[in-house]
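Participant: Below are the structure tokens for one structure; questions will follow.
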Amino acid sequence: MLIAGCSERNDPTASHVLPPASFATAAPQSSVVTDPVGDLENKGTDYQDIIRAEIAKQGTSFAFALTLVAPVPDSPPLPSGADVMVWQFILVTDPTTSPAGYPFTKNTAVPFEFMIQYRVYRSGFTDPLDPTRSAAVLIDRRPLLTGRQAIVTPIKVSIDGTQISLVANAGLLGDPSTFNWVSATCAAKAGDDAKNGYSNHFCFDDAPDLNLATWPQ
């Protein structure tokens, strides 16, 4: 949820060779949704307002792109009480499972296996599962099903104007042949121990608004 030669926010994992912004419309395995302008909640701002979300598989990688109403500032202010703010894609690759735990509290079961996120942390806060404070991560929640910890892996991110683009190796997702998904802009507050999850999640916008999208479309 890709532009050559764009501003890359000094992220060491940023990609320097990225597909064009319209990649999903041209890719044979893609999925695209659009979303109304202004359908924000929780006092969201224009740079949290999603108007288009798209996923495409290109070779051995998945590319994810969010188009927003306004560009994300270099240092956007976090909502009061929040430790992290995210622009994300959420994937359901196995509808029969519901892992409990990170980034939610350990007793909270949520029926999706992967989260692909561009993150902005509160100054002074470090997530123990992301000690380098990565600009973008892929969260693999499948280990939670067997009592292990979720895996947080830095991935490529690029920002060009109002578009945030992320790229992840298909193998990190188990190279699924199909999945359901939704994109969202959200914030969360860490609990007493962030590796055991965040205690308070709230979102500003999601796309699609109703039901889940399917990849490929």
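Each chain in the structure tokens gets a letter, A, B and so on, in the order shown; residues start at 1 in every chain, and ligands are counted from 1 in the order they appear.
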So which residues touch Thr153 (chain A) within 7 Å, counting only C-alpha atoms, skipping near sequence neighbours fewer than 2 positions away, as an MDAnalysis selection string?
Facilitator: chainID A and resid 137:139 151 155
Participant: Store the residues of this selection in a file with N, CA and C atoms, as a PDB file, in the first residue's frame.
Facilitator:
```pdb
ATOM      1  N   VAL A 137       7.622  -0.581   8.353  1.00  0.00           N
ATOM      2  CA  VAL A 137       7.805  -1.951   8.827  1.00  0.00           C
ATOM      3  C   VAL A 137       6.716  -2.855   8.287  1.00  0.00           C
ATOM      4  N   LEU A 138       7.031  -4.141   8.246  1.00  0.00           N
ATOM      5  CA  LEU A 138       6.041  -5.188   8.020  1.00  0.00           C
ATOM      6  C   LEU A 138       5.929  -5.972   9.325  1.00  0.00           C
ATOM      7  N   ILE A 139       4.724  -6.090   9.854  1.00  0.00           N
ATOM      8  CA  ILE A 139       4.484  -6.848  11.075  1.00  0.00           C
ATOM      9  C   ILE A 139       3.882  -8.194  10.709  1.00  0.00           C
ATOM     10  N   ILE A 151       6.828 -10.599  14.512  1.00  0.00           N
ATOM     11  CA  ILE A 151       8.094 -10.222  13.890  1.00  0.00           C
ATOM     12  C   ILE A 151       7.920  -8.874  13.189  1.00  0.00           C
ATOM     13  N   ILE A 155      11.053  -2.289   6.024  1.00  0.00           N
ATOM     14  CA  ILE A 155      10.829  -2.438   4.585  1.00  0.00           C
ATOM     15  C   ILE A 155      11.081  -1.110   3.883  1.00  0.00           C
TER      16      ILE A 155
END
```
Participant: Neighbouring residues of Met115 (chain A) were defined as those with any atom within 10 Å, considering only C-alpha atoms; residues of the same chain fewer than 2 positions away were excluded. Please report them as JSON, numbers by chain.
Facilitator: {"A": [88, 89, 90, 91, 92, 103, 112, 113, 117, 118, 137, 138, 139, 140, 141, 152, 173, 181, 182, 183]}
Participant: Take the selection from the previous step and output its residues with C-alpha atoms, as an mmCIF file, in the first residue's frame.
Facilitator:
```cif
data_model
loop_
_atom_site.group_PDB
_atom_site.id
_atom_site.type_symbol
_atom_site.label_atom_id
_atom_site.label_comp_id
_atom_site.auth_asym_id
_atom_site.auth_seq_id
_atom_site.Cartn_x
_atom_site.Cartn_y
_atom_site.Cartn_z
ATOM 1 C CA GLN A 88 -0.967 1.256 6.893
ATOM 2 C CA PHE A 89 -2.265 -1.725 4.987
ATOM 3 C CA ILE A 90 -3.814 -4.648 6.891
ATOM 4 C CA LEU A 91 -3.891 -8.093 5.276
ATOM 5 C CA VAL A 92 -6.031 -11.154 5.986
ATOM 6 C CA PRO A 103 0.509 -4.554 18.165
ATOM 7 C CA PHE A 112 -5.426 -10.487 10.326
ATOM 8 C CA GLU A 113 -1.889 -11.728 9.911
ATOM 9 C CA GLN A 117 3.049 0.488 8.044
ATOM 10 C CA TYR A 118 4.710 3.843 7.555
ATOM 11 C CA VAL A 137 7.805 -1.951 8.827
ATOM 12 C CA LEU A 138 6.041 -5.188 8.020
ATOM 13 C CA ILE A 139 4.484 -6.848 11.075
ATOM 14 C CA ASP A 140 4.104 -10.622 10.815
ATOM 15 C CA ARG A 141 1.559 -11.673 13.446
ATOM 16 C CA VAL A 152 8.742 -6.596 12.908
ATOM 17 C CA LEU A 173 4.008 -12.462 3.448
ATOM 18 C CA TRP A 181 -7.165 -6.119 2.848
ATOM 19 C CA VAL A 182 -7.975 -2.654 4.112
ATOM 20 C CA SER A 183 -5.879 0.493 4.465
#
```
Participant: Report, in Å with one decimal, the straight-line distance from CA of Ala168 (chain A) to CA of Val84 (chain A).
Facilitator: 21.0 Å
Participant: DSSP on the backbone: which residues in region 11-200 of chain A end up as strand (DSSP E)? Give the answer as JSON, numbers by chain.
Facilitator: {"A": [30, 31, 32, 33, 34, 50, 51, 52, 53, 54, 55, 56, 57, 58, 61, 62, 63, 64, 65, 66, 67, 68, 84, 85, 86, 87, 88, 89, 90, 91, 92, 114, 115, 116, 117, 118, 119, 120, 121, 136, 137, 138, 139, 140, 151, 152, 153, 154, 156, 157, 158, 159, 160, 163, 164, 165, 166, 167, 168, 169, 179, 180, 181, 182, 183, 184, 185, 186, 187, 188, 189, 190, 198, 199, 200]}
Participant: Just checking: using only C-alpha atoms, which residue out of A:Asp160, A:Asp209, A:Asp175, A:Asp83 ends up closest to Ala194 (chain A)?
Facilitator: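 Looking at the shortest contact to Ala194 (chain A), the residue is A:Asp83.
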Participant: Taking 5 positions as the minimum chain separation for residues in the same chain, which residues sit within 9 Å of Phe179 (chain A) when counting only C-alpha atoms? Answer as a ChimeraX atom specification.
Facilitator: /A:91-95,213-216
Participant: Could you turn the residues from that selection into a file that holds C-alpha atoms, as a PDB file, in the first residue's frame?
Facilitator:
```
ATOM      1  CA  LEU A  91      -3.891  -8.093   5.276  1.00  0.00           C
ATOM      2  CA  VAL A  92      -6.031 -11.154   5.986  1.00  0.00           C
ATOM      3  CA  THR A  93      -4.296 -14.109   4.366  1.00  0.00           C
ATOM      4  CA  ASP A  94      -5.986 -16.841   6.435  1.00  0.00           C
ATOM      5  CA  PRO A  95      -9.598 -16.120   7.462  1.00  0.00           C
ATOM      6  CA  ALA A 213     -11.016  -5.372  -0.589  1.00  0.00           C
ATOM      7  CA  THR A 214      -9.623  -8.451  -2.341  1.00  0.00           C
ATOM      8  CA  TRP A 215      -6.247  -8.895  -3.986  1.00  0.00           C
ATOM      9  CA  PRO A 216      -6.010  -9.537  -6.883  1.00  0.00           C
TER      10      PRO A 216
END
```
Participant: Determine the nearest neighbour of Gly197 (chain A) from the options A:Leu212, A:Leu78, A:Ala100, A:Ala136, counting only C-alpha atoms.
Facilitator: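 Counting only C-alpha atoms, the residue closest to Gly197 (chain A) is A:Ala100.
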Participant: Can you pull out every residue within 8 Å of Val72 (chain A), counting only C-alpha atoms, but drop anything in the same chain fewer than 4 positions away, and send it as a VMD selection string?
Facilitator: chain A and resid 47 to 48 76 161 to 162
Participant: Using only C-alpha atoms, which residues sit within 7 Å of Leu129 (chain A) once same-chain residues fewer than 2 positions away are excluded, as a VMD selection string?
Facilitator: chain A and resid 127 131 152 195
